[in-house]
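> This is the content of model.txt (compact mmCIF, C-alpha atoms):
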```txt
# COMPACT_ATOMS: atom_id res chain seq x y z
CA MET A 177 18.18 44.54 -169.02
CA SER A 178 21.27 46.69 -168.63
CA GLY A 179 20.37 48.68 -171.75
CA ALA A 180 17.30 50.25 -170.14
CA PRO A 181 17.73 53.95 -169.35
CA HIS A 182 18.08 54.69 -165.65
CA PRO A 183 16.35 57.70 -164.18
CA GLU A 184 19.25 58.43 -161.86
CA PRO A 185 22.96 58.27 -162.59
CA SER A 186 24.57 55.10 -161.37
CA PRO A 187 26.06 55.49 -157.88
CA ALA A 188 29.80 55.11 -157.35
CA PRO A 189 30.63 51.39 -157.52
CA LEU A 190 30.90 49.76 -154.10
CA PRO A 191 33.81 47.40 -153.41
CA VAL A 192 33.31 43.71 -154.25
CA ALA A 193 33.22 42.61 -150.60
CA GLU A 194 30.39 45.03 -149.84
CA VAL A 195 28.44 43.93 -152.93
CA ALA A 196 28.94 40.30 -151.87
CA ARG A 197 27.58 41.12 -148.42
CA GLN A 198 24.48 42.74 -149.91
CA VAL A 199 23.92 39.88 -152.37
CA GLY A 200 24.10 37.47 -149.44
CA GLU A 201 21.37 39.43 -147.64
CA VAL A 202 18.87 39.07 -150.53
CA PRO A 203 16.00 36.96 -149.15
CA ASP A 204 15.21 33.67 -150.86
CA PRO A 205 11.81 34.01 -152.59
CA GLU A 206 10.47 30.73 -151.20
CA LEU A 207 12.19 30.92 -147.79
CA PRO A 208 12.19 34.68 -147.11
CA MET A 209 13.43 34.20 -143.54
CA ILE A 210 16.84 33.27 -144.91
CA GLY A 211 19.24 35.15 -147.19
CA LEU A 212 20.91 33.76 -150.28
CA GLY A 213 24.26 33.76 -148.47
CA ASP A 214 22.98 31.68 -145.56
CA LEU A 215 21.23 29.36 -148.01
CA GLY A 216 24.63 28.69 -149.58
CA VAL A 217 23.61 29.43 -153.16
CA VAL A 218 26.08 32.29 -153.74
CA GLU A 219 29.18 30.54 -155.04
CA SER A 220 31.17 33.67 -155.83
CA VAL A 221 31.04 37.41 -156.42
CA ALA A 222 34.03 38.41 -158.48
CA VAL A 223 35.28 40.63 -161.29
CA ALA A 224 35.13 38.75 -164.62
CA ASP A 225 37.64 38.92 -167.48
CA ASP A 226 35.80 41.80 -169.11
CA GLY A 227 36.02 43.88 -165.92
CA ASN A 228 32.35 43.49 -164.96
CA LEU A 229 31.15 42.03 -161.71
CA GLU A 230 29.79 38.50 -161.97
CA VAL A 231 27.70 36.69 -159.37
CA ALA A 232 27.71 32.88 -159.64
CA ILE A 233 24.53 31.28 -158.25
CA LEU A 234 24.10 27.54 -157.57
CA PRO A 235 20.51 26.37 -158.16
CA THR A 236 19.23 24.36 -155.19
CA PHE A 237 17.27 22.17 -157.64
CA LEU A 238 17.62 22.21 -161.43
CA GLY A 239 13.93 22.97 -161.80
CA CYS A 240 13.77 25.50 -158.96
CA PRO A 241 11.02 27.94 -160.00
CA ALA A 242 12.52 30.65 -157.77
CA LEU A 243 15.64 31.05 -159.92
CA PRO A 244 14.33 33.84 -162.20
CA ALA A 245 13.19 35.82 -159.13
CA ILE A 246 16.58 35.29 -157.47
CA THR A 247 18.37 36.42 -160.60
CA ALA A 248 16.26 39.58 -160.86
CA SER A 249 16.79 40.45 -157.18
CA VAL A 250 20.56 40.03 -157.43
CA ARG A 251 20.60 42.16 -160.58
CA GLU A 252 18.82 44.91 -158.66
CA VAL A 253 21.49 44.77 -155.96
CA LEU A 254 24.24 45.02 -158.58
CA VAL A 255 22.64 48.11 -160.13
CA ARG A 256 22.06 49.68 -156.72
CA CYS A 257 25.69 49.06 -155.79
CA GLY A 258 26.96 50.88 -158.86
CA HIS A 259 27.63 47.85 -161.05
CA PRO A 260 24.94 48.29 -163.74
CA GLU A 261 26.83 45.98 -166.14
CA GLY A 262 27.09 43.25 -163.50
CA ARG A 263 25.87 39.78 -164.43
CA VAL A 264 24.30 36.77 -162.75
CA ARG A 265 25.40 33.34 -163.89
CA HIS A 266 23.90 29.99 -162.92
CA VAL A 267 26.57 27.36 -162.35
CA LEU A 268 26.07 23.65 -161.71
CA ALA A 269 29.51 22.80 -160.34
CA PRO A 270 29.92 22.47 -157.44
CA ALA A 271 26.44 21.00 -156.93
CA TRP A 272 24.48 22.79 -154.21
CA SER A 273 23.95 20.71 -151.10
CA SER A 274 21.79 21.34 -148.05
CA ASP A 275 25.05 21.08 -146.08
CA ARG A 276 25.87 24.55 -147.42
CA ILE A 277 23.15 26.18 -145.29
CA SER A 278 24.85 28.21 -142.53
CA GLU A 279 24.22 27.88 -138.79
CA ARG A 280 22.50 31.27 -138.84
CA GLY A 281 20.31 30.03 -141.70
CA ARG A 282 19.40 26.86 -139.82
CA THR A 283 18.41 28.84 -136.75
CA ALA A 284 16.24 31.14 -138.88
CA LEU A 285 14.49 28.18 -140.55
CA ALA A 286 13.70 26.53 -137.21
CA ALA A 287 12.42 29.83 -135.81
CA HIS A 288 9.93 29.91 -138.68
CA GLY A 289 8.64 26.38 -138.22
CA ILE A 290 10.85 24.65 -140.79
CA ALA A 291 13.07 21.89 -139.40
CA PRO A 292 16.61 22.42 -140.76
CA PRO A 293 18.14 19.64 -142.85
CA VAL A 294 20.26 16.88 -141.31
CA PRO A 295 23.70 16.19 -142.83
CA SER A 296 23.32 14.86 -146.40
CA ASP A 297 25.39 11.77 -145.55
CA ALA A 298 23.18 10.79 -142.58
CA PRO A 299 21.54 7.33 -142.71
CA GLU A 300 18.42 7.27 -144.88
CA PRO A 301 15.84 6.96 -142.03
CA VAL A 302 17.39 10.04 -140.40
CA ARG A 303 17.34 11.94 -143.69
CA LEU A 304 13.66 11.07 -143.99
CA GLY A 305 12.89 12.54 -140.60
CA LEU A 306 13.72 9.98 -137.88
CA GLY A 307 14.66 11.89 -134.73
CA THR A 308 13.77 15.31 -136.13
CA PRO A 309 12.62 17.55 -133.25
CA CYS A 310 9.37 19.44 -133.79
CA PRO A 311 10.26 23.10 -134.48
CA TYR A 312 7.18 24.20 -132.48
CA CYS A 313 7.33 22.17 -129.27
CA GLY A 314 10.69 20.37 -129.45
CA SER A 315 9.12 16.95 -129.11
CA LEU A 316 10.94 14.04 -130.68
CA ALA A 317 7.65 12.18 -131.18
CA THR A 318 7.58 13.09 -134.86
CA ARG A 319 7.07 10.90 -137.90
CA PRO A 320 7.33 11.33 -141.66
CA HIS A 321 4.02 12.27 -143.25
CA SER A 322 4.86 12.89 -146.91
CA ALA A 323 8.19 12.81 -148.75
CA PHE A 324 7.05 15.77 -150.83
CA GLY A 325 5.73 19.05 -149.48
CA PRO A 326 4.81 22.58 -150.52
CA ALA A 327 8.20 23.15 -152.15
CA ARG A 328 10.57 20.69 -153.76
CA CYS A 329 13.15 21.21 -151.01
CA GLN A 330 10.79 20.19 -148.18
CA SER A 331 9.12 17.02 -146.94
CA MET A 332 6.28 16.97 -144.41
CA LEU A 333 6.42 15.59 -140.87
CA HIS A 334 3.79 15.22 -138.18
CA CYS A 335 4.36 15.88 -134.47
CA ALA A 336 2.48 13.61 -132.08
CA GLY A 337 3.36 15.98 -129.21
CA CYS A 338 1.62 19.16 -130.36
CA ARG A 339 -0.22 17.66 -133.36
CA GLU A 340 1.29 20.18 -135.73
CA THR A 341 2.38 19.25 -139.24
CA PHE A 342 5.66 20.88 -140.20
CA PRO A 343 8.09 20.89 -143.12
CA LEU A 344 11.62 19.46 -142.96
CA MET A 345 14.23 20.81 -145.37
CA THR A 346 15.28 17.82 -147.44
CA ALA A 347 18.85 16.69 -146.87
CA MET A 348 20.37 16.69 -150.33
CA MET B 1197 9.15 29.81 -169.25
CA THR B 1198 10.12 33.42 -168.78
CA GLU B 1199 13.84 33.05 -168.89
CA THR B 1200 16.01 30.66 -170.77
CA VAL B 1201 18.93 28.74 -169.35
CA THR B 1202 22.26 30.37 -170.02
CA GLY B 1203 25.58 28.67 -169.87
CA PRO B 1204 29.13 29.21 -170.95
CA ALA B 1205 29.71 29.62 -174.69
CA ARG B 1206 31.03 26.40 -176.22
CA GLN B 1207 34.22 26.09 -178.20
CA GLY B 1208 33.15 24.60 -181.52
CA THR B 1209 30.22 22.26 -181.93
CA ASP B 1210 29.64 18.62 -181.13
CA ALA B 1211 26.64 17.40 -183.10
CA ALA B 1212 26.77 13.90 -181.68
CA LEU B 1213 26.83 14.98 -178.04
CA ALA B 1214 24.08 17.49 -178.82
CA ARG B 1215 21.82 14.72 -180.13
CA TYR B 1216 22.55 12.63 -177.05
CA ALA B 1217 21.72 15.51 -174.68
CA VAL B 1218 18.47 16.16 -176.57
CA ARG B 1219 17.46 12.48 -176.29
CA LEU B 1220 17.80 12.62 -172.51
CA GLY B 1221 16.16 16.04 -172.40
CA ASP B 1222 13.19 14.70 -174.40
CA ASP B 1223 12.83 11.75 -172.01
CA ALA B 1224 12.62 14.16 -169.07
CA LEU B 1225 10.32 16.63 -170.84
CA VAL B 1226 7.76 14.07 -172.03
CA LEU B 1227 7.73 12.24 -168.71
CA ALA B 1228 7.18 15.56 -166.89
CA GLN B 1229 4.25 16.33 -169.18
CA GLN B 1230 2.74 12.89 -168.45
CA LEU B 1231 3.14 13.18 -164.67
CA CYS B 1232 1.50 16.61 -164.64
CA GLY B 1233 -1.63 14.92 -165.98
CA TRP B 1234 -2.08 13.35 -162.55
CA ILE B 1235 -2.43 16.65 -160.73
CA THR B 1236 -5.82 16.64 -158.93
CA ARG B 1237 -6.36 13.00 -160.01
CA ALA B 1238 -3.77 11.16 -157.92
CA PRO B 1239 -4.98 8.93 -155.05
CA THR B 1240 -4.20 11.57 -152.37
CA ILE B 1241 -3.21 15.22 -152.21
CA GLU B 1242 0.24 14.12 -151.00
CA GLU B 1243 0.55 12.11 -154.21
CA ASP B 1244 -0.51 15.14 -156.25
CA LEU B 1245 2.35 17.02 -154.61
CA ALA B 1246 4.78 14.14 -155.12
CA LEU B 1247 4.12 13.69 -158.83
CA SER B 1248 4.06 17.42 -159.54
CA ASN B 1249 7.32 17.95 -157.62
CA ILE B 1250 8.92 15.09 -159.54
CA ALA B 1251 7.65 16.62 -162.79
CA LEU B 1252 9.13 19.97 -161.76
CA ASP B 1253 12.54 18.38 -161.30
CA LEU B 1254 12.22 16.69 -164.69
CA VAL B 1255 11.37 20.01 -166.36
CA GLY B 1256 14.55 21.38 -164.79
CA HIS B 1257 16.53 18.48 -166.24
CA ALA B 1258 14.92 18.95 -169.65
CA ARG B 1259 15.68 22.67 -169.70
CA THR B 1260 19.33 22.11 -168.87
CA LEU B 1261 19.79 19.28 -171.38
CA LEU B 1262 17.88 20.88 -174.26
CA ALA B 1263 19.62 24.22 -173.82
CA LEU B 1264 22.94 22.36 -173.78
CA GLY B 1265 21.89 20.62 -177.01
CA GLY B 1266 21.23 23.97 -178.67
CA ARG B 1267 24.65 25.29 -177.72
CA LEU B 1268 26.43 22.09 -178.71
CA ASP B 1269 24.85 21.76 -182.16
CA GLY B 1270 25.64 25.34 -183.08
CA THR B 1271 22.03 26.35 -183.76
CA GLY B 1272 21.73 28.35 -180.54
CA ARG B 1273 18.23 26.97 -180.02
CA THR B 1274 16.81 27.53 -176.53
CA GLU B 1275 15.00 24.89 -174.50
CA ASP B 1276 11.72 26.56 -175.50
CA ASP B 1277 12.61 26.20 -179.18
CA PHE B 1278 13.10 22.48 -178.64
CA ALA B 1279 9.97 22.00 -176.56
CA PHE B 1280 7.51 24.14 -178.51
CA LEU B 1281 8.76 24.44 -182.08
CA ARG B 1282 9.52 20.87 -183.07
CA THR B 1283 7.19 18.40 -184.73
CA GLU B 1284 6.50 14.88 -183.44
CA ARG B 1285 9.11 13.31 -185.68
CA GLU B 1286 11.81 15.59 -184.27
CA PHE B 1287 11.34 14.37 -180.69
CA THR B 1288 13.77 11.61 -179.78
CA ASN B 1289 12.45 10.40 -176.42
CA ALA B 1290 12.32 6.71 -175.60
CA LEU B 1291 8.84 5.23 -176.14
CA LEU B 1292 8.62 4.29 -172.44
CA VAL B 1293 7.83 7.86 -171.39
CA GLU B 1294 5.02 8.33 -173.92
CA ILE B 1295 2.92 5.30 -172.93
CA PRO B 1296 -0.50 6.80 -172.14
CA ASP B 1297 -1.33 7.03 -168.46
CA GLY B 1298 -4.34 5.03 -167.47
CA ASP B 1299 -4.03 3.16 -164.23
CA PHE B 1300 -1.94 4.65 -161.41
CA ALA B 1301 -0.10 1.33 -161.09
CA GLY B 1302 1.08 1.69 -164.69
CA THR B 1303 2.53 5.11 -163.85
CA VAL B 1304 4.28 3.56 -160.85
CA ALA B 1305 5.70 0.77 -163.06
CA ARG B 1306 7.03 3.35 -165.50
CA GLN B 1307 8.55 5.39 -162.66
CA LEU B 1308 10.28 2.25 -161.40
CA ALA B 1309 11.84 1.58 -164.81
CA TYR B 1310 12.75 5.20 -165.56
CA THR B 1311 14.13 6.26 -162.17
CA HIS B 1312 16.43 3.27 -161.71
CA HIS B 1313 17.74 3.83 -165.23
CA ALA B 1314 18.17 7.58 -164.76
CA VAL B 1315 20.08 7.30 -161.46
CA LEU B 1316 22.50 4.73 -162.90
CA LEU B 1317 22.97 6.72 -166.10
CA TYR B 1318 23.51 10.08 -164.39
CA GLU B 1319 25.90 8.63 -161.81
CA ALA B 1320 27.96 7.24 -164.67
CA LEU B 1321 27.64 10.45 -166.72
CA ALA B 1322 29.25 12.29 -163.82
CA ALA B 1323 32.53 10.91 -165.19
CA SER B 1324 31.85 12.30 -168.69
CA THR B 1325 34.71 14.00 -170.50
CA ASP B 1326 32.28 16.88 -171.10
CA PRO B 1327 32.42 19.07 -167.97
CA GLU B 1328 28.99 20.61 -168.48
CA LEU B 1329 27.24 17.29 -168.93
CA ALA B 1330 29.16 15.91 -165.93
CA ALA B 1331 28.14 18.83 -163.69
CA PHE B 1332 24.50 18.39 -164.73
CA ALA B 1333 24.66 14.65 -164.02
CA VAL B 1334 26.05 15.07 -160.48
CA ARG B 1335 23.18 17.36 -159.59
CA ALA B 1336 20.46 15.40 -161.43
CA ALA B 1337 21.49 12.01 -160.00
CA LYS B 1338 20.73 13.24 -156.48
CA GLU B 1339 17.32 14.47 -157.53
CA VAL B 1340 16.30 11.30 -159.39
CA ALA B 1341 17.47 9.17 -156.45
CA TYR B 1342 14.69 10.84 -154.44
CA HIS B 1343 12.19 9.95 -157.20
CA ARG B 1344 13.48 6.38 -157.21
CA ARG B 1345 12.65 5.96 -153.54
CA HIS B 1346 9.13 7.23 -154.21
CA ALA B 1347 8.72 4.66 -157.02
CA ASP B 1348 10.14 1.78 -154.96
CA ASP B 1349 7.82 2.56 -152.04
CA TRP B 1350 4.74 2.47 -154.26
CA VAL B 1351 5.76 -0.75 -156.01
CA VAL B 1352 6.16 -2.50 -152.65
CA ARG B 1353 2.99 -0.97 -151.25
CA LEU B 1354 0.83 -2.01 -154.21
CA GLY B 1355 2.58 -5.35 -154.65
CA LEU B 1356 2.07 -6.37 -151.02
CA GLY B 1357 -1.29 -4.66 -150.69
CA THR B 1358 -4.61 -6.18 -151.65
CA ALA B 1359 -5.20 -8.78 -154.34
CA GLU B 1360 -6.56 -5.97 -156.51
CA SER B 1361 -3.57 -3.65 -156.01
CA ALA B 1362 -1.18 -6.52 -156.77
CA ARG B 1363 -3.15 -7.47 -159.89
CA ARG B 1364 -3.06 -3.92 -161.19
CA MET B 1365 0.64 -3.54 -160.38
CA ARG B 1366 1.35 -6.74 -162.36
CA ALA B 1367 -0.72 -5.43 -165.26
CA GLY B 1368 1.17 -2.13 -165.16
CA LEU B 1369 4.53 -3.88 -165.25
CA GLU B 1370 3.43 -6.08 -168.17
CA ARG B 1371 2.33 -2.98 -170.02
CA VAL B 1372 5.50 -0.90 -169.70
CA TRP B 1373 8.19 -3.59 -169.69
CA PRO B 1374 8.39 -4.09 -173.48
CA CYS B 1375 9.48 -0.42 -173.64
CA THR B 1376 12.35 -0.69 -171.16
CA ALA B 1377 14.99 -2.24 -173.45
CA GLU B 1378 15.05 0.90 -175.59
CA LEU B 1379 16.54 2.85 -172.67
CA PHE B 1380 19.73 0.82 -173.10
CA GLU B 1381 19.90 0.73 -176.89
CA GLU B 1382 23.35 1.09 -178.33
CA ASP B 1383 23.20 2.65 -181.78
CA ALA B 1384 26.00 4.26 -183.79
CA LEU B 1385 25.58 7.56 -181.95
CA VAL B 1386 25.98 6.00 -178.50
CA ARG B 1387 28.86 3.78 -179.63
CA GLY B 1388 30.80 6.77 -180.95
CA LEU B 1389 30.26 8.82 -177.80
CA THR B 1390 31.10 5.85 -175.57
CA ALA B 1391 34.39 5.35 -177.41
CA ALA B 1392 35.21 9.01 -176.82
CA GLY B 1393 34.50 8.71 -173.08
CA ALA B 1394 31.69 11.24 -173.27
CA VAL B 1395 28.91 8.86 -172.21
CA PRO B 1396 28.76 5.49 -170.42
CA ALA B 1397 28.27 2.20 -172.27
CA PRO B 1398 24.64 1.04 -171.88
CA GLY B 1399 25.47 -2.68 -171.46
CA PRO B 1400 26.79 -2.61 -167.87
CA LEU B 1401 24.08 -0.11 -166.90
CA ARG B 1402 21.44 -2.50 -168.13
CA GLU B 1403 22.83 -5.35 -166.04
CA ARG B 1404 22.83 -3.27 -162.88
CA TRP B 1405 19.38 -1.89 -163.70
CA HIS B 1406 18.06 -5.41 -164.11
CA GLU B 1407 19.48 -6.49 -160.72
CA GLU B 1408 18.05 -3.43 -158.99
CA VAL B 1409 14.51 -3.62 -160.35
CA ALA B 1410 14.44 -7.40 -159.81
CA ALA B 1411 15.33 -6.81 -156.14
CA VAL B 1412 12.52 -4.26 -155.71
CA LEU B 1413 9.99 -6.55 -157.40
CA LYS B 1414 11.11 -9.44 -155.21
CA ARG B 1415 10.54 -7.29 -152.13
CA ALA B 1416 7.09 -6.47 -153.50
CA GLY B 1417 6.25 -10.12 -154.19
CA LEU B 1418 5.82 -9.36 -157.88
CA PRO B 1419 7.13 -11.37 -160.84
CA LEU B 1420 9.74 -9.76 -163.10
CA PRO B 1421 8.06 -9.44 -166.51
CA ALA B 1422 9.76 -11.25 -169.38
CA PRO B 1423 8.32 -9.61 -172.51
CA LYS B 1424 8.63 -11.51 -175.77
CA TRP B 1425 9.02 -8.33 -177.82
CA HIS B 1426 10.68 -4.93 -177.43
CA ALA B 1427 9.53 -1.58 -178.70
CA THR B 1428 12.02 0.63 -180.51
CA GLY B 1429 12.08 3.70 -182.75
CA GLY B 1430 11.72 6.61 -180.32
CA ARG B 1431 15.37 7.64 -180.70
CA ASP B 1432 14.78 7.96 -184.46
CA GLY B 1433 11.62 10.00 -184.00
CA LEU B 1434 9.23 7.11 -184.71
CA HIS B 1435 6.53 7.41 -182.08
CA THR B 1436 3.33 5.71 -180.97
CA GLU B 1437 -0.12 6.94 -181.86
CA ALA B 1438 -0.59 8.45 -178.41
CA PHE B 1439 2.33 10.83 -178.92
CA GLY B 1440 0.59 13.24 -181.32
CA PRO B 1441 -2.06 14.40 -178.84
CA LEU B 1442 0.57 14.57 -176.10
CA VAL B 1443 2.78 16.94 -178.11
CA ALA B 1444 -0.27 18.94 -179.23
CA GLU B 1445 -1.24 19.55 -175.62
CA LEU B 1446 2.35 20.33 -174.61
CA GLN B 1447 2.59 22.98 -177.33
CA SER B 1448 -0.98 24.32 -177.21
CA VAL B 1449 -0.30 27.44 -175.13
CA HIS B 1450 2.66 28.37 -177.27
CA ARG B 1451 0.50 28.01 -180.39
CA GLN B 1452 -2.12 30.37 -178.99
CA PHE B 1453 0.36 32.90 -177.64
CA PRO B 1454 3.56 32.56 -179.70
CA GLY B 1455 6.51 33.89 -177.74
CA GLY B 1456 4.26 34.79 -174.80
CA THR B 1457 5.87 35.18 -171.39
CA TRP B 1458 4.59 35.73 -167.89
```
Rewrite the coordinates I just gave you, this time as structure tokens.

Amino acid sequence: MSGAPHPEPSPAPLPVAEVARQVGEVPDPELPMIGLGDLGVVESVAVADDGNLEVAILPTFLGCPALPAITASVREVLVRCGHPEGRVRHVLAPAWSSDRISERGRTALAAHGIAPPVPSDAPEPVRLGLGTPCPYCGSLATRPHSAFGPARCQSMLHCAGCRETFPLMTAM
Amino acid sequence: MTETVTGPARQGTDAALARYAVRLGDDALVLAQQLCGWITRAPTIEEDLALSNIALDLVGHARTLLALGGRLDGTGRTEDDFAFLRTEREFTNALLVEIPDGDFAGTVARQLAYTHHAVLLYEALAASTDPELAAFAVRAAKEVAYHRRHADDWVVRLGLGTAESARRMRAGLERVWPCTAELFEEDALVRGLTAAGAVPAPGPLRERWHEEVAAVLKRAGLPLPAPKWHATGGRDGLHTEAFGPLVAELQSVHRQFPGGTW
């Protein structure tokens, strides 16, 4: 990883805040309309005890298949920002929750046809889709179709208004 | 698996906790392997997606737990070492998860037993004195709760469905129930860890589990099975005949391409 020779000399290291901003802009591999920062999976970007930069990532799900891709993308950012020895660490505490998705992230999801998650402490029928507006036509005449969808973090709903089927981010 | 799970280096080793983590990891791994067998064969495409998504979560749980086991026991084994380089006798999963899949209702019965047990166990493990195991449990409990709802829905649907669906659901329950007691076995390993506050005592979990599954079965109009015998041995590596082929299939790609990645 970091031992591989680099064709160009490493650029001057950017300050931590700027690196954190760029890490936050890395698109999620499964939801490319939203950055890791808005998804709420970047727990911290900080200098570790050994002086190297360390990015702590919270997995959305323990078996999330996108994690290796996320790790590789963040590593690329660290190298590009002049921190070739920087590391990515997966941490389980605090547990990621869909409540960590930012307002900007929610807007981006809806704009791409994915209904944003309701609060994780909402009543169960609401978490399963009751009252979820259709991201295409805004109709409230929607009903749960399948609790599992194309990705682990999404369930499927059907809209009786425009007859579209759309994913809802699972409240978790 | 292209990348192994990394975690903080552990101070010293804890062989007992390592064995416990591997037991739970083996439960998740073997169950995931079983559920994947339904892909393209489940009743609907939605059910294909459901079972494969549940299996994906379980693989995530297995990776975390097995990797933790390798750090705790001082061998530094990765989750792949545990999954692909052990023999049958070295797996310590409960026998429940290795019952061969036949009828879909049997799979649903097994999901009912496993998910209610796993949610209760992980919620209690969240109070473990081991911070890593506790952090895993908080996360995993939320995921298995979603699987539990899926299992409950199917039990009620099949139980209250046609005479045929109810008959098959009853048969499935009868088939898996003798293997449920093993989930709550209290051997010397568990007793020692319970005394140290690292893991919850199985007794109270079993009582709550019993109440919960009885309530679901009541809702489904199904009788609670009362098996006259209980299977045991999985935690000591003594498995059923069906386990050999299961492990062979699980490890087949690794045998053909040792160390291969993609």
> Identify every residue of chain B that has at least one atom within 8 Å of any atom of chain A, counting only C-alpha atoms, and report the result as a list in words.
Thr1198, Glu1199, Thr1202, Gly1203, Glu1242, Leu1245, Ala1246, Asn1249, Leu1252, Asp1253, Leu1254, Val1255, Gly1256, His1257, Thr1260, Glu1328, Ala1331, Phe1332, Val1334, Arg1335, Ala1336, Lys1338, Glu1339 and His1346 of chain B
> To one decimal in Å, tell me the separation between atom CA of B:Pro1239 and atom CA of B:Val1351.
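Between these atoms lies a distance of 14.5 Å.
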> Give me the residues near stretch 286-301 of chain A as an MDAnalysis selection string, where near means some atom within 12 Å (using all atoms listed in the file) and where sequence neighbours in that chain fewer than 3 positions away do not count.
(chainID A and resid 207:210 215 272:283 304:314 316 318:320 323 325:327 329:335 340:348) or (chainID B and resid 1338 1341:1342 1345)
> To one decimal place, how far is atom CA of B:Phe1287 from atom CA of B:Arg1219 in Å?
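Distance reported for this atom pair: 7.8 Å.
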> With distances taken over only C-alpha atoms, which of A:Ala284, A:Leu229, A:Val223, A:Val192 is nearest to A:Pro260?
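Distance minimum relative to A:Pro260 lands on A:Leu229.
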> Report, in Å to a single decimal, how far apart atom CA of B:Glu1378 and atom CA of B:Ala1214 are.
19.2 Å
> Using only C-alpha atoms, find the one residue out of B:Ile1295, B:Pro1454, B:Leu1379, B:His1343 that sits nearest to B:Ser1248.
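Residue with the minimum atom-to-atom distance to B:Ser1248: B:His1343.
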> Here is a test: counting all atoms listed in the file, which residue of B:Ala1217, B:Ala1362, B:Val1226, B:Leu1442 is nearest to B:Ala1330?
B:Ala1217
> Could the centre and edge lengths of an axis-aligned box, enclosing all atoms of stretch 1322-1325 of chain B in the file with 3 Å extra on each side, be given in Å to one decimal as JSON?

```
{"center_x": 32.0, "center_y": 12.5, "center_z": -167.2, "size_x": 11.5, "size_y": 9.1, "size_z": 12.7}
```
> Skipping near chain neighbours, those fewer than 6 positions away, what residues fall within 7 Å of stretch 1302-1315 of chain B using only C-alpha atoms, listed as a PDB file with C-alpha atoms, in the coordinates of the input?

```
ATOM      1  CA  ALA B1337      21.490  12.010-160.000  1.00  0.00           C
ATOM      2  CA  VAL B1340      16.300  11.300-159.390  1.00  0.00           C
ATOM      3  CA  ALA B1341      17.470   9.170-156.450  1.00  0.00           C
ATOM      4  CA  HIS B1343      12.190   9.950-157.200  1.00  0.00           C
ATOM      5  CA  ARG B1344      13.480   6.380-157.210  1.00  0.00           C
ATOM      6  CA  ALA B1347       8.720   4.660-157.020  1.00  0.00           C
ATOM      7  CA  ASP B1348      10.140   1.780-154.960  1.00  0.00           C
ATOM      8  CA  TRP B1350       4.740   2.470-154.260  1.00  0.00           C
ATOM      9  CA  VAL B1351       5.760  -0.750-156.010  1.00  0.00           C
ATOM     10  CA  MET B1365       0.640  -3.540-160.380  1.00  0.00           C
ATOM     11  CA  GLY B1368       1.170  -2.130-165.160  1.00  0.00           C
ATOM     12  CA  LEU B1369       4.530  -3.880-165.250  1.00  0.00           C
ATOM     13  CA  VAL B1372       5.500  -0.900-169.700  1.00  0.00           C
ATOM     14  CA  THR B1376      12.350  -0.690-171.160  1.00  0.00           C
ATOM     15  CA  TRP B1405      19.380  -1.890-163.700  1.00  0.00           C
TER      16      TRP B1405
END
```
> Which residue out of A:Ala317, A:Leu254, A:Pro205, A:Leu212 has the minimum interatomic distance to A:Leu234 when all atoms listed in the file are used?
A:Leu212
